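Data block below; observations after.
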Amino acid sequence: MFNKTVEKNGKIMRYGYTTGSCATAATKAALLMFLNQQKWDTVKINTPKGWPLDLVLHDQTFSEYEASCSVVKDAGDDPDVTNGIKIFAKVIPSDQAGITFIAGIGVGTVTSVGLSIPPGQPAINPTPREMIAQEIRAVLDSDAIKHRPDLPKGWQVELSIPQGVELAKRTFNPKLGIEGGLSIIGTTGIVEPMSEEAWKASLKLELSVLHAKGFNEIIFVPGNYGKDFSEELGLNEDVLVKTSNFIGFMLDEAERMGFDKILLIGHLGKLVKVAGGIFNTHSSVADGRMEILTAHAGILGASRDTMAKIMAAKTTDEATDIILAENLPDYFNQLAEVVKKKVTDRVYGTIDIEVVLFSKIHGFLGQSKDAEELRKRLCTH
């Protein structure tokens with residue numbers, strides 16, 4: 001069992017590990033079984049977070065043609081529909097060089113543009129793909145393996161989740177255009193415990209520490225995408241706080257503590273909800289992204305046909321393609337102003353807040369009128 005814990009709001013909570021880590025461990029183990037033609041009971045992998053995992057294997061089978069096994073997902077104390085399910089990996093030698101990923105039963109296939117994986121590909125996110133590739137390379141580069149003359153040119157990695165088809169109905173995947181099952185995800189390889197009240201308490205504590213240190217001008221980002229984009233902009237990470245989905249709660253706490261300025265930087269998919277007055281941006285609470293994007297396109301003169309296309313979009317990146325093609329005047333700057341008004345009203349005008357919108361595909365999209373000045377103040381150089 002993975003036993004790393006953290007104390008949140010006086011409660012000890014367990015970390016877990018992602019479906020990406022499970023898939024990586026199962027793939028590495030299957031490769032070792034195939035190459036050595038023997039059973040493996042546990043396998044060690046590295047994670048992007050820097051925490052190694054030693055995971056127990058199940059359903060081990062191997063032959064001279066292929067090998068497979070499974071790993072049970074442990075979400076720790078995070079409420080996750082994938083907790084306790086088995087993630088299978090099958091490794092098959094290939095005449096094609098490199099690694100080819102295949103979606104087995106219960107792993108979805110991407111059907112829409114705008115995601116981090118192109119249409120037609122298995123819904124295996126970039127970080128798990130790289131984790132798997134790194135572990136395969138490590139095995140093949142080991143002294144015991146690298147000089148073997150019988151090594152194939154490449155490998156097929158087929159990932160499966162037997163319960164994935166049914167469980168995917170309880171996720172956002174169908175709306176995102178991911179069909180046939182779950183996604184293999186995770187940016188750190190580790191699942192942080194996210195009991196809502198405990199998570200809010202930890203976010204509030206982070207904010208209070210900054211306040212105690214005398215910082216009055218800070219940066220809010222919903223998650224890792226916003227953090228990464230802030231780094232690209234050269235902003236000071238020392239004053240950056242991840243709000244998770246609790247943007248309203250964190251604004252309330254910032255107002256209560258008396259901060260002077262906040263630069264809110266977020267992916268369009270999150271902050272467009274705030275433009276509609278939605279301050280908890282989790283998909284299970286509320287959506288309305290396409291409705292909000294469509295309404296503002298209409299205000300700026302979009303045709304009825306364009307509005308219908310935006311409403312039918314699966315992702316905000318797909319909608320962004322449509323909006324940019326329409327060449328609507330200053331669309332994203334004006335949307336940033338709408339977000340600014342909503343968040344400023346939330347704190348009763350007591351904090352100067354500026355907004356920056358971006359997307360993973362298109363990068364910088366727009367910002368509120370005075371955001372540039374605040375960005376310069378919060379830069380590290």
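Convention: chains lettered A, B, ... in structure tokens order; per-chain residue numbering from 1; ligands numbered from 1 as shown.
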Please, which residues in range 248-275 of chain A fall within 7 Å of range 325-349 of chain A when counting only C-alpha atoms, and what is the closest atom pair and distance in Å to one decimal for each, ordered by chain then residue number, as JSON lines?
{"residue": "A:Leu251", "atom": "CA", "partner": "A:Val347", "partner_atom": "CA", "distance": 6.6}
{"residue": "A:Asp252", "atom": "CA", "partner": "A:Val347", "partner_atom": "CA", "distance": 6.4}
{"residue": "A:Glu255", "atom": "CA", "partner": "A:Val347", "partner_atom": "CA", "distance": 5.8}
{"residue": "A:Val274", "atom": "CA", "partner": "A:Val339", "partner_atom": "CA", "distance": 5.9}
{"residue": "A:Ala275", "atom": "CA", "partner": "A:Val339", "partner_atom": "CA", "distance": 4.4}
Filtering to N, CA, C and O atoms, could you give me those residues as a PDB file, in the first residue's frame?
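Output file part_17.pdb follows:
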ATOM      1  N   LEU A 251     -11.542  34.024  -3.367  1.00  0.00           N
ATOM      2  CA  LEU A 251     -11.758  35.470  -3.450  1.00  0.00           C
ATOM      3  C   LEU A 251     -12.308  36.004  -2.134  1.00  0.00           C
ATOM      4  O   LEU A 251     -11.893  37.069  -1.649  1.00  0.00           O
ATOM      5  N   ASP A 252     -13.243  35.265  -1.556  1.00  0.00           N
ATOM      6  CA  ASP A 252     -13.807  35.674  -0.268  1.00  0.00           C
ATOM      7  C   ASP A 252     -12.719  35.768   0.799  1.00  0.00           C
ATOM      8  O   ASP A 252     -12.688  36.721   1.595  1.00  0.00           O
ATOM      9  N   GLU A 255     -10.423  38.739   0.195  1.00  0.00           N
ATOM     10  CA  GLU A 255     -11.086  39.983   0.619  1.00  0.00           C
ATOM     11  C   GLU A 255     -11.067  40.115   2.138  1.00  0.00           C
ATOM     12  O   GLU A 255     -10.802  41.191   2.685  1.00  0.00           O
ATOM     13  N   VAL A 274     -16.658  31.637 -14.762  1.00  0.00           N
ATOM     14  CA  VAL A 274     -16.719  32.801 -13.876  1.00  0.00           C
ATOM     15  C   VAL A 274     -17.411  33.966 -14.575  1.00  0.00           C
ATOM     16  O   VAL A 274     -18.132  34.744 -13.945  1.00  0.00           O
ATOM     17  N   ALA A 275     -17.217  34.088 -15.892  1.00  0.00           N
ATOM     18  CA  ALA A 275     -17.912  35.135 -16.655  1.00  0.00           C
ATOM     19  C   ALA A 275     -19.419  34.982 -16.559  1.00  0.00           C
ATOM     20  O   ALA A 275     -20.162  35.956 -16.739  1.00  0.00           O
TER      21      ALA A 275
END
> Can you tell me, as a PyMOL selection string, what residues are no more than 9 Å from range 100-106 of chain A when counting only C-alpha atoms, ignoring any on the same chain fewer than 5 positions away?
Replying inline: chain A and resi 88-89+94+121-124+129+154-168+180-183
Please dump the current selection as a short mmCIF file (atom, residue, chain, number, x, y, z; two decimals), in the first residue's frame; keep N, CA and C atoms.
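Generated file (again-v5.cif):
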data_model
loop_
_atom_site.label_atom_id
_atom_site.label_comp_id
_atom_site.auth_asym_id
_atom_site.auth_seq_id
_atom_site.Cartn_x
_atom_site.Cartn_y
_atom_site.Cartn_z
N PHE A 88 -5.24 -2.46 -16.93
CA PHE A 88 -4.45 -3.50 -17.57
C PHE A 88 -3.52 -2.91 -18.63
N ALA A 89 -2.37 -3.54 -18.77
CA ALA A 89 -1.46 -3.22 -19.88
C ALA A 89 -1.02 -4.52 -20.54
N SER A 94 6.74 -5.40 -31.86
CA SER A 94 6.28 -4.84 -33.13
C SER A 94 7.45 -4.66 -34.09
N GLN A 121 -6.80 9.15 -31.65
CA GLN A 121 -5.81 8.54 -30.76
C GLN A 121 -6.45 8.07 -29.45
N PRO A 122 -5.86 7.04 -28.80
CA PRO A 122 -6.34 6.65 -27.47
C PRO A 122 -6.26 7.81 -26.50
N ALA A 123 -7.22 7.89 -25.59
CA ALA A 123 -7.27 8.98 -24.61
C ALA A 123 -6.28 8.70 -23.48
N ILE A 124 -5.01 8.75 -23.86
CA ILE A 124 -3.90 8.58 -22.92
C ILE A 124 -3.15 9.90 -22.95
N ARG A 129 1.87 9.06 -21.23
CA ARG A 129 2.60 8.54 -22.40
C ARG A 129 4.11 8.65 -22.18
N GLY A 154 10.13 -2.31 -32.11
CA GLY A 154 9.27 -1.45 -31.30
C GLY A 154 8.28 -2.27 -30.49
N TRP A 155 7.32 -1.54 -29.89
CA TRP A 155 6.37 -2.19 -28.98
C TRP A 155 4.98 -1.59 -29.15
N GLN A 156 4.00 -2.46 -29.08
CA GLN A 156 2.61 -2.01 -28.96
C GLN A 156 2.21 -2.10 -27.49
N VAL A 157 1.63 -1.02 -26.99
CA VAL A 157 1.16 -0.99 -25.60
C VAL A 157 -0.35 -0.80 -25.63
N GLU A 158 -1.07 -1.85 -25.25
CA GLU A 158 -2.53 -1.79 -25.23
C GLU A 158 -2.99 -1.65 -23.78
N LEU A 159 -3.69 -0.56 -23.49
CA LEU A 159 -4.21 -0.30 -22.14
C LEU A 159 -5.71 -0.56 -22.11
N SER A 160 -6.17 -1.19 -21.03
CA SER A 160 -7.58 -1.55 -20.91
C SER A 160 -8.06 -1.30 -19.49
N ILE A 161 -9.34 -0.95 -19.39
CA ILE A 161 -10.00 -0.80 -18.09
C ILE A 161 -11.37 -1.46 -18.22
N PRO A 162 -11.51 -2.71 -17.77
CA PRO A 162 -12.76 -3.43 -17.99
C PRO A 162 -14.01 -2.69 -17.54
N GLN A 163 -13.93 -1.90 -16.47
CA GLN A 163 -15.09 -1.14 -15.99
C GLN A 163 -15.21 0.23 -16.64
N GLY A 164 -14.30 0.54 -17.55
CA GLY A 164 -14.20 1.90 -18.06
C GLY A 164 -15.39 2.39 -18.84
N VAL A 165 -16.04 1.51 -19.59
CA VAL A 165 -17.16 1.94 -20.42
C VAL A 165 -18.29 2.50 -19.55
N GLU A 166 -18.62 1.79 -18.48
CA GLU A 166 -19.69 2.23 -17.59
C GLU A 166 -19.27 3.43 -16.76
N LEU A 167 -18.04 3.40 -16.23
CA LEU A 167 -17.60 4.50 -15.37
C LEU A 167 -17.46 5.80 -16.15
N ALA A 168 -17.16 5.72 -17.43
CA ALA A 168 -17.00 6.94 -18.23
C ALA A 168 -18.29 7.75 -18.30
N GLY A 180 -16.02 5.74 -25.66
CA GLY A 180 -15.65 4.35 -25.45
C GLY A 180 -15.00 4.03 -24.13
N GLY A 181 -14.85 5.03 -23.25
CA GLY A 181 -14.25 4.70 -21.96
C GLY A 181 -13.60 5.88 -21.28
N LEU A 182 -12.76 5.56 -20.31
CA LEU A 182 -12.08 6.55 -19.49
C LEU A 182 -10.80 7.03 -20.15
N SER A 183 -10.25 8.10 -19.60
CA SER A 183 -8.94 8.61 -20.02
C SER A 183 -7.88 8.12 -19.04
#
>> I'd like the neighbourhood of range 280-294 of chain A as number ranges by chain, where a residue qualifies if any of its atoms comes within 10 Å (using only C-alpha atoms), though same-chain residues fewer than 2 positions away should be ignored.
In response: A: 170-172, 222, 244-249, 268-278, 296-300, 302, 304, 306-316, 319-320, 323, 331-332, 335
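CA of Glu373 in chain A is positioned 25.2 Å from CA of Val209 in chain A.
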>> Quick one: residues within 10 Å of Ser63 in chain A, only C-alpha atoms, excluding same-chain residues fewer than 6 positions away - as a ChimeraX atom specification?
In response: /A:33-35,37-38
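Residue neighbourhood of Gly234 in chain A, excluding near-sequence residues (fewer than 6 positions): Asp228, Arg375, Lys376, Leu378, Cys379, Thr380 and His381 of chain A, at 10 Å, using only C-alpha atoms.
In this model, the gap between CA of Gly98 in chain A and CA of Pro128 in chain A comes to 15.8 Å.
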>> Taking 5 positions as the minimum chain separation for residues in the same chain, which residues sit within 6 Å of range 13-29 of chain A when counting only C-alpha atoms? Answer as a count of residues only.
In response: 21
> Using the chain letters and numbers from this document, which residues of range 16-234 of chain A does DSSP assign to alpha helix (DSSP H), as a PyMOL selection string?
Replying inline: chain A and resi 19-36+126-140+164-167+173-176+196-212+224-232
> Which residue out of A:Asp370, A:Asp59, A:Glu318, A:Glu237 has the minimum interatomic distance to Gly177 in chain A when only C-alpha atoms are used?
Replying inline: A:Glu318
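Between CA of Ser359 in chain A and CA of Thr109 in chain A lies a distance of 21.8 Å.
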>> Can you pull out every residue from range 1-238 of chain A that DSSP, working from the backbone, puts in strand (DSSP E or B), and format the result as a ChimeraX atom specification?
In response: /A:5-8,11-14,16-17,42-45,53-56,58-62,67-72,86-94,98-103,106-107,109-110,122,124,154-160,178-179,181-182,184,190-191,217-221,235
> Of the residues A:Ala212, A:Leu53, A:Gly120, A:Ser68, which is the one nearest to Trp40 in chain A, using only C-alpha atoms?
Replying inline: A:Ser68
